$ cat entry.txt   # compact mmCIF, C-alpha atoms and all ligand atoms
# COMPACT_ATOMS: atom_id res chain seq x y z
CA MET A 1 98.63 -49.00 -3.03
CA LYS A 2 101.48 -50.50 -1.03
CA PRO A 3 104.85 -48.74 -1.52
CA LEU A 4 106.45 -50.06 -4.71
CA GLN A 5 109.42 -51.35 -2.74
CA GLU A 6 107.11 -53.73 -0.85
CA LEU A 7 105.61 -55.08 -4.07
CA VAL A 8 108.79 -55.60 -6.10
CA ARG A 9 110.92 -58.69 -5.38
CA PRO A 10 113.87 -57.62 -3.17
CA ASN A 11 116.49 -58.96 -5.62
CA ILE A 12 114.90 -56.92 -8.43
CA TRP A 13 114.62 -53.80 -6.29
CA SER A 14 118.35 -53.90 -5.53
CA LEU A 15 119.43 -55.08 -9.01
CA SER A 16 122.19 -53.12 -10.76
CA PRO A 17 121.27 -53.54 -14.40
CA TYR A 18 123.69 -54.36 -17.20
CA THR A 19 124.89 -51.14 -18.78
CA SER A 20 125.50 -51.35 -22.49
CA ALA A 21 127.76 -49.14 -24.56
CA ARG A 22 124.66 -47.51 -26.00
CA ASP A 23 123.38 -46.68 -22.50
CA GLU A 24 126.59 -44.95 -21.56
CA TYR A 25 126.80 -42.81 -24.68
CA GLN A 26 123.44 -41.30 -25.63
CA GLY A 27 124.34 -38.24 -27.73
CA LYS A 28 123.78 -38.16 -31.47
CA ASP A 29 126.64 -35.88 -32.58
CA ALA A 30 129.52 -38.35 -32.53
CA LYS A 31 130.80 -39.64 -35.88
CA VAL A 32 133.17 -42.41 -34.86
CA PHE A 33 131.78 -45.27 -32.78
CA LEU A 34 134.50 -47.51 -31.36
CA ASP A 35 132.71 -48.33 -28.10
CA ALA A 36 130.58 -51.44 -28.72
CA ASN A 37 132.85 -53.93 -30.55
CA GLU A 38 130.57 -53.72 -33.58
CA ASN A 39 131.72 -54.46 -37.13
CA PRO A 40 132.36 -51.14 -38.93
CA TYR A 41 130.90 -52.61 -42.16
CA ASN A 42 127.32 -53.45 -43.21
CA ALA A 43 125.54 -50.27 -42.02
CA PRO A 44 122.98 -49.74 -40.64
CA PHE A 45 122.54 -53.26 -39.28
CA ASN A 46 126.07 -53.41 -37.88
CA ARG A 47 124.99 -51.13 -35.01
CA TYR A 48 123.20 -52.17 -31.82
CA PRO A 49 119.71 -50.68 -31.68
CA ASP A 50 118.61 -48.02 -29.19
CA PRO A 51 117.97 -50.01 -25.97
CA LEU A 52 115.18 -47.58 -24.96
CA GLN A 53 113.63 -47.06 -28.43
CA ARG A 54 113.49 -43.30 -27.89
CA ASP A 55 112.41 -42.26 -31.40
CA LEU A 56 109.48 -44.68 -31.39
CA LYS A 57 108.45 -43.67 -27.88
CA LYS A 58 108.26 -40.01 -28.97
CA LYS A 59 105.74 -40.96 -31.68
CA ILE A 60 103.67 -43.34 -29.55
CA ALA A 61 103.55 -40.81 -26.68
CA ILE A 62 101.76 -38.40 -29.03
CA ILE A 63 99.36 -40.98 -30.50
CA LYS A 64 98.45 -42.40 -27.08
CA GLY A 65 98.53 -39.14 -25.11
CA VAL A 66 100.99 -40.41 -22.48
CA LYS A 67 104.46 -39.40 -21.25
CA GLU A 68 107.43 -41.07 -22.97
CA GLN A 69 108.62 -42.23 -19.53
CA SER A 70 105.35 -44.13 -19.09
CA ILE A 71 105.99 -46.38 -22.12
CA PHE A 72 107.67 -49.80 -22.25
CA PHE A 73 108.15 -51.76 -25.49
CA GLY A 74 108.47 -55.53 -25.36
CA ASN A 75 109.03 -58.43 -27.74
CA GLY A 76 105.24 -58.72 -27.97
CA SER A 77 102.95 -58.09 -24.98
CA ASP A 78 104.05 -61.53 -23.93
CA GLU A 79 107.42 -60.13 -22.82
CA ALA A 80 105.66 -57.52 -20.67
CA ILE A 81 103.41 -60.20 -19.12
CA ASP A 82 106.42 -62.38 -18.25
CA LEU A 83 108.22 -59.35 -16.79
CA MET A 84 105.29 -58.70 -14.43
CA PHE A 85 105.85 -62.10 -12.82
CA ARG A 86 109.63 -61.79 -12.74
CA MET A 87 109.50 -58.30 -11.21
CA PHE A 88 106.76 -58.70 -8.62
CA CYS A 89 106.28 -62.37 -7.72
CA ARG A 90 108.65 -64.37 -5.52
CA PRO A 91 108.60 -67.94 -6.91
CA GLY A 92 106.82 -70.37 -4.62
CA VAL A 93 105.65 -67.55 -2.33
CA ASP A 94 103.55 -64.92 -4.13
CA ASN A 95 100.45 -65.38 -6.25
CA ALA A 96 98.46 -63.72 -9.03
CA VAL A 97 94.69 -63.55 -9.56
CA ALA A 98 92.96 -63.44 -12.95
CA ILE A 99 89.52 -63.67 -14.47
CA GLU A 100 88.66 -67.04 -16.05
CA PRO A 101 88.35 -67.72 -18.93
CA THR A 102 90.93 -65.31 -20.34
CA TYR A 103 94.16 -65.09 -22.36
CA GLY A 104 96.25 -68.20 -21.70
CA MET A 105 99.63 -66.49 -21.43
CA TYR A 106 99.03 -65.15 -17.91
CA GLY A 107 98.68 -68.67 -16.53
CA VAL A 108 101.58 -70.03 -18.60
CA CYS A 109 103.91 -67.25 -17.41
CA ALA A 110 102.78 -67.89 -13.82
CA ASP A 111 103.62 -71.61 -14.22
CA ILE A 112 107.02 -70.86 -15.80
CA ASN A 113 107.86 -68.56 -12.90
CA ASP A 114 106.53 -70.99 -10.25
CA VAL A 115 103.87 -68.51 -9.14
CA GLU A 116 100.44 -69.66 -7.95
CA TYR A 117 97.72 -68.55 -10.38
CA ARG A 118 94.20 -68.11 -8.97
CA ARG A 119 91.32 -68.19 -11.47
CA VAL A 120 88.09 -66.35 -10.62
CA LEU A 121 85.24 -67.59 -12.82
CA LEU A 122 83.25 -65.01 -14.84
CA ASP A 123 79.43 -65.16 -14.80
CA GLU A 124 77.29 -66.46 -17.69
CA ASN A 125 77.61 -63.06 -19.41
CA PHE A 126 81.41 -63.31 -19.11
CA GLN A 127 81.50 -60.55 -16.47
CA PRO A 128 83.54 -60.64 -13.24
CA ASP A 129 82.46 -59.84 -9.70
CA ALA A 130 84.72 -57.45 -7.77
CA ASP A 131 83.97 -59.06 -4.38
CA LYS A 132 84.87 -62.52 -5.69
CA ILE A 133 88.14 -61.22 -7.11
CA MET A 134 89.04 -59.47 -3.86
CA ALA A 135 88.10 -62.61 -1.89
CA ALA A 136 90.65 -64.58 -3.96
CA THR A 137 93.50 -62.28 -2.89
CA ASP A 138 95.65 -62.53 0.23
CA ALA A 139 98.73 -60.81 1.65
CA ASN A 140 100.93 -62.46 -1.02
CA THR A 141 98.81 -61.48 -4.04
CA LYS A 142 100.92 -59.16 -6.17
CA LEU A 143 99.04 -59.04 -9.48
CA ILE A 144 95.42 -59.02 -10.69
CA PHE A 145 94.86 -59.54 -14.42
CA PHE A 146 91.95 -58.17 -16.43
CA CYS A 147 91.67 -58.48 -20.19
CA SER A 148 89.22 -56.07 -21.83
CA PRO A 149 87.89 -56.76 -24.41
CA ASN A 150 88.43 -60.26 -23.07
CA ASN A 151 89.92 -63.13 -25.05
CA PRO A 152 88.20 -65.54 -25.83
CA SER A 153 84.78 -64.09 -24.90
CA ALA A 154 85.31 -60.87 -26.97
CA ASN A 155 83.32 -58.60 -24.61
CA ASN A 156 84.35 -55.45 -22.76
CA ILE A 157 84.73 -56.12 -19.05
CA ASP A 158 82.41 -54.03 -16.83
CA ARG A 159 84.35 -50.86 -15.95
CA LYS A 160 82.70 -50.62 -12.55
CA VAL A 161 84.34 -53.92 -11.62
CA ILE A 162 87.81 -52.90 -12.83
CA ASP A 163 87.51 -49.50 -11.11
CA SER A 164 86.40 -51.12 -7.89
CA VAL A 165 89.37 -53.52 -7.91
CA LEU A 166 91.74 -50.64 -8.73
CA ASP A 167 90.34 -48.78 -5.71
CA ARG A 168 90.50 -51.71 -3.32
CA PHE A 169 93.57 -53.76 -4.26
CA GLU A 170 96.93 -52.67 -2.82
CA GLY A 171 99.02 -54.47 -5.44
CA ILE A 172 99.32 -54.16 -9.23
CA VAL A 173 96.28 -54.30 -11.54
CA ILE A 174 96.97 -55.17 -15.18
CA VAL A 175 94.41 -54.30 -17.85
CA ASP A 176 95.28 -56.03 -21.12
CA GLU A 177 93.82 -53.92 -23.93
CA ALA A 178 95.11 -55.88 -26.93
CA TYR A 179 91.73 -55.33 -28.66
CA ILE A 180 90.94 -51.80 -27.40
CA ASP A 181 90.94 -50.30 -30.93
CA PHE A 182 87.81 -52.35 -31.73
CA ALA A 183 86.09 -51.81 -28.39
CA GLY A 184 84.21 -48.53 -28.81
CA VAL A 185 85.02 -47.53 -25.22
CA PRO A 186 87.83 -45.36 -23.82
CA SER A 187 91.17 -46.92 -22.92
CA TYR A 188 92.32 -47.17 -19.31
CA LEU A 189 95.27 -45.02 -20.42
CA GLU A 190 92.98 -42.15 -19.34
CA GLN A 191 93.50 -43.25 -15.74
CA LEU A 192 97.26 -43.79 -15.91
CA GLU A 193 98.13 -40.53 -14.12
CA SER A 194 95.61 -41.02 -11.31
CA ARG A 195 96.18 -44.76 -10.71
CA PRO A 196 99.74 -45.60 -9.52
CA ASN A 197 98.92 -49.35 -9.38
CA LEU A 198 97.64 -49.60 -12.99
CA ILE A 199 99.53 -51.22 -15.87
CA VAL A 200 97.88 -51.11 -19.30
CA LEU A 201 98.99 -53.52 -22.03
CA GLN A 202 98.47 -52.88 -25.73
CA THR A 203 100.06 -54.38 -28.82
CA PHE A 204 101.01 -53.82 -32.45
CA SER A 205 99.75 -57.35 -33.22
CA LYS A 206 96.04 -56.70 -33.76
CA ALA A 207 94.64 -53.34 -35.02
CA TRP A 208 98.11 -52.25 -36.19
CA GLY A 209 98.45 -55.37 -38.34
CA MET A 210 102.03 -56.14 -37.28
CA ALA A 211 101.94 -59.43 -35.34
CA GLY A 212 105.00 -60.48 -37.34
CA ILE A 213 107.36 -57.80 -36.03
CA ARG A 214 106.69 -58.70 -32.33
CA LEU A 215 106.09 -55.39 -30.61
CA GLY A 216 103.99 -54.98 -27.48
CA MET A 217 103.42 -51.95 -25.28
CA ALA A 218 103.05 -51.54 -21.54
CA PHE A 219 102.02 -48.24 -19.97
CA ALA A 220 102.50 -47.43 -16.28
CA GLN A 221 103.87 -44.84 -13.91
CA PRO A 222 107.53 -44.03 -14.73
CA GLU A 223 108.85 -45.74 -11.58
CA ILE A 224 107.38 -49.08 -12.71
CA ILE A 225 108.61 -48.58 -16.30
CA GLY A 226 112.08 -47.90 -14.86
CA ILE A 227 112.10 -51.29 -13.14
CA MET A 228 110.89 -53.03 -16.32
CA ASN A 229 113.78 -51.41 -18.21
CA LYS A 230 116.20 -52.71 -15.60
CA VAL A 231 114.99 -56.33 -15.94
CA LYS A 232 114.47 -56.62 -19.72
CA TYR A 233 117.18 -57.81 -22.13
CA PRO A 234 119.23 -54.72 -23.04
CA TYR A 235 118.37 -54.86 -26.76
CA ASN A 236 114.93 -56.49 -26.56
CA ILE A 237 113.53 -54.64 -29.60
CA ASN A 238 115.66 -55.19 -32.68
CA GLN A 239 116.49 -52.53 -35.26
CA LEU A 240 114.24 -53.98 -38.00
CA THR A 241 111.23 -53.91 -35.66
CA GLN A 242 111.93 -50.37 -34.47
CA GLN A 243 112.35 -49.14 -38.04
CA ARG A 244 109.23 -50.90 -39.36
CA ALA A 245 107.13 -49.58 -36.48
CA MET A 246 108.43 -46.04 -37.10
CA ASP A 247 107.37 -46.30 -40.76
CA GLU A 248 103.95 -47.60 -39.75
CA VAL A 249 103.15 -44.94 -37.14
CA MET A 250 103.58 -42.36 -39.90
CA GLN A 251 100.53 -43.95 -41.56
CA TYR A 252 98.25 -44.22 -38.53
CA ASP A 253 95.24 -43.30 -40.72
CA ARG A 254 95.66 -46.68 -42.46
CA VAL A 255 95.19 -48.44 -39.13
CA GLN A 256 92.01 -46.50 -38.53
CA GLU A 257 90.68 -47.50 -41.97
CA TRP A 258 91.42 -51.17 -41.26
CA VAL A 259 89.59 -50.98 -37.96
CA LYS A 260 86.53 -49.43 -39.64
CA SER A 261 86.37 -52.13 -42.28
CA ILE A 262 86.92 -54.94 -39.76
CA LEU A 263 84.08 -53.55 -37.63
CA ARG A 264 81.75 -53.43 -40.66
CA GLU A 265 82.64 -57.02 -41.52
CA ARG A 266 82.22 -58.10 -37.89
CA THR A 267 78.57 -57.00 -37.89
CA ARG A 268 77.86 -58.74 -41.19
CA LEU A 269 79.75 -61.95 -40.35
CA MET A 270 78.13 -62.33 -36.92
CA LYS A 271 74.66 -61.87 -38.44
CA GLU A 272 75.37 -64.51 -41.09
CA PHE A 273 76.95 -66.87 -38.57
CA ALA A 274 73.91 -66.63 -36.27
CA LYS A 275 71.66 -67.89 -39.12
CA LEU A 276 73.64 -71.11 -39.71
CA ASP A 277 72.10 -74.49 -38.84
CA CYS A 278 75.17 -75.42 -36.81
CA THR A 279 75.01 -72.30 -34.61
CA LEU A 280 73.33 -72.20 -31.20
CA GLN A 281 74.48 -68.77 -30.00
CA VAL A 282 76.75 -65.95 -31.14
CA TYR A 283 78.04 -63.96 -28.17
CA PRO A 284 78.33 -60.14 -28.45
CA SER A 285 81.74 -58.85 -29.54
CA ASP A 286 83.75 -55.70 -28.80
CA ALA A 287 86.85 -57.10 -30.55
CA ASN A 288 88.03 -58.29 -33.99
CA PHE A 289 86.74 -61.80 -33.29
CA PHE A 290 83.68 -63.41 -31.76
CA LEU A 291 82.84 -66.50 -29.77
CA ALA A 292 79.99 -68.76 -30.92
CA ARG A 293 78.43 -71.83 -29.34
CA VAL A 294 77.67 -74.48 -31.94
CA LYS A 295 75.99 -77.90 -31.88
CA ASP A 296 79.25 -79.82 -32.21
CA ALA A 297 82.42 -77.75 -32.03
CA LYS A 298 84.84 -80.56 -32.85
CA ALA A 299 82.90 -81.75 -35.91
CA THR A 300 82.51 -78.17 -37.14
CA TYR A 301 86.18 -77.42 -36.56
CA ASP A 302 87.32 -80.61 -38.33
CA TYR A 303 84.99 -79.94 -41.28
CA LEU A 304 86.39 -76.41 -41.65
CA VAL A 305 89.96 -77.70 -41.54
CA ASP A 306 89.07 -80.02 -44.44
CA CYS A 307 87.82 -76.93 -46.29
CA GLY A 308 91.15 -75.19 -45.62
CA ILE A 309 89.59 -72.77 -43.12
CA ILE A 310 91.01 -72.55 -39.61
CA VAL A 311 89.09 -71.19 -36.62
CA ARG A 312 89.89 -71.77 -32.95
CA ASN A 313 88.13 -74.52 -31.00
CA ARG A 314 87.81 -73.19 -27.44
CA SER A 315 85.59 -76.05 -26.16
CA LYS A 316 87.97 -77.11 -23.40
CA ILE A 317 88.03 -73.63 -21.83
CA ALA A 318 85.81 -72.78 -18.83
CA LEU A 319 82.32 -71.50 -19.83
CA CYS A 320 83.17 -72.15 -23.52
CA GLY A 321 81.75 -75.64 -24.05
CA ASN A 322 81.21 -76.37 -27.77
CA SER A 323 82.45 -72.90 -28.66
CA LEU A 324 84.49 -71.70 -31.60
CA ARG A 325 86.45 -68.45 -31.68
CA VAL A 326 86.30 -66.81 -35.09
CA THR A 327 88.57 -63.96 -36.21
CA VAL A 328 87.03 -61.43 -38.59
CA GLY A 329 88.88 -61.56 -41.93
CA THR A 330 88.44 -59.80 -45.26
CA ALA A 331 85.02 -59.94 -46.93
CA PRO A 332 86.07 -62.81 -49.27
CA GLU A 333 87.55 -64.76 -46.33
CA ASN A 334 84.39 -64.29 -44.28
CA ASN A 335 82.27 -65.35 -47.26
CA ALA A 336 84.38 -68.48 -47.67
CA LEU A 337 83.66 -69.37 -44.03
CA ILE A 338 79.91 -68.78 -44.31
CA ASP A 339 79.63 -70.59 -47.67
CA ALA A 340 81.49 -73.60 -46.28
CA LEU A 341 79.31 -73.76 -43.16
CA LYS A 342 76.10 -73.48 -45.18
CA LYS A 343 77.10 -76.78 -46.79
CA PHE A 344 78.00 -78.40 -43.44
CA LYS A 345 75.61 -81.19 -42.42
C1 LIG B 1 96.76 -61.28 -29.10
C2 LIG B 1 96.83 -60.88 -27.67
C3 LIG B 1 97.95 -60.21 -27.18
C4 LIG B 1 99.08 -59.87 -28.08
O1 LIG B 1 100.24 -60.48 -27.72
P1 LIG B 1 101.58 -60.07 -28.51
O2 LIG B 1 102.62 -60.82 -27.76
O3 LIG B 1 101.72 -58.58 -28.36
O4 LIG B 1 101.41 -60.47 -29.93
C5 LIG B 1 97.96 -59.81 -25.86
N1 LIG B 1 96.91 -60.04 -25.06
C6 LIG B 1 95.82 -60.67 -25.51
C7 LIG B 1 94.67 -60.87 -24.60
C8 LIG B 1 95.75 -61.12 -26.82
O5 LIG B 1 94.67 -61.78 -27.24
$ encode --input "entry.txt" --output "structure tokens" --more "lines below"
Ligand SMILES: *Cc1c(COP(=O)(O)O)cnc(C)c1O
Amino acid sequence: MKPLQELVRPNIWSLSPYTSARDEYQGKDAKVFLDANENPYNAPFNRYPDPLQRDLKKKIAIIKGVKEQSIFFGNGSDEAIDLMFRMFCRPGVDNAVAIEPTYGMYGVCADINDVEYRRVLLDENFQPDADKIMAATDANTKLIFFCSPNNPSANNIDRKVIDSVLDRFEGIVIVDEAYIDFAGVPSYLEQLESRPNLIVLQTFSKAWGMAGIRLGMAFAQPEIIGIMNKVKYPYNINQLTQQRAMDEVMQYDRVQEWVKSILRERTRLMKEFAKLDCTLQVYPSDANFFLARVKDAKATYDYLVDCGIIVRNRSKIALCGNSLRVTVGTAPENNALIDALKKFK
């Protein structure tokens, strides 16, 4: 890996971050807070939240088996993705490489930040080739994005490819593990200590069932997390979100039960979906959704909308012609989908 100072934009490297009242005073013993121009009434929401979410990091460090200093919380993973571009990529100069097709936010954040985004097409099994990815890089490539399990193809990306790129690339490698809880394979968090150029993204939006509170996680070596903390909005995670997440991590067994039942339903739903007249192919899934090629994606999608059932038409995406992306729901929801499609002519 290149020295971090060579990878980070010079203005970010030398940035003196905003220091909030809550940064300056970190103790818990004080009783009278007259430092932040808050309203003394309407507790507890009158107070600014902890800018570094220390209580929540303590809990997540235990659940994930990582150091607290290796954790960043964002307003969804999307904040962490945007920060990657703002921290590492000089607009109009640097570039990022990603597998294609994949999660759309990487490309959108690249566009917003005026960073060239290079797409490296997956093969017909939705797997990447390490040589092709490396061939797409040059001296100004700062980031390489993997998403595993990948959205929208739902499969785990070949670990040999990710490992090979981690070995060979001198910049930052991001592995987005939004669906890792469904994947049945170990997380790349295992390699966090041995891979200084690795950033792992996870989220509370999928297995944790909390897309509404907007809380994403990034894991990396403490030096990278320190720079992310410097660039983020001081109070990026509000008090309601921190509190709700704290309550939820106390019931982690519930999350594990949800995952089990979603995995059971995934097997059943995919089997049923494969039998439908409209279906040509159901691709394997390691996530809480699957991709299926159908005879006519638009007609199928429109018919389902008329039935009050919404799936995602991914037909315009590379390698996904006439394909629908279907999220696994509850048993009654999945039955409603199958029953509707059985009647589709
Ligand atoms: C759903 C999803 C996320 C989650 O984004 P949040 O902003 O945390 O809700 C991240 N990455 C991928 C690939 C996803 O599909």
$ atom_distance --input "entry.txt" --atom1 "atom CA of A:Asp167" --atom2 "atom CA of A:Pro284"
28.1 Å
$ atom_distance --input "entry.txt" --atom1 "atom CA of A:Ala336" --atom2 "atom CA of A:Lys295"
20.2 Å
$ residues_near_ligand --input "entry.txt" --ligand "ligand LIG 1 (chain B)" --cutoff "7 Å" --atoms "all atoms listed in the file" --output "PyMOL selection string"
chain A and resi 75-79+103+147+150-151+176-178+202-206+211+214-216
$ axis_aligned_box --input "entry.txt" --around "stretch 236-250 of chain A" --padding-each-side "6 Å" --output "AutoDock Vina command-line options"
--center_x 109.8 --center_y -49.4 --center_z -33.7 --size_x 25.3 --size_y 26.1 --size_z 26.2
$ atom_distance --input "entry.txt" --atom1 "atom CA of A:Pro101" --atom2 "atom CA of A:Arg314"
10.1 Å
$ closest_residue --input "entry.txt" --among "A:Asn95, A:Ser194, A:Asn229, A:Ser164" --to "A:Asp23" --atoms "all atoms listed in the file"
A:Asn229
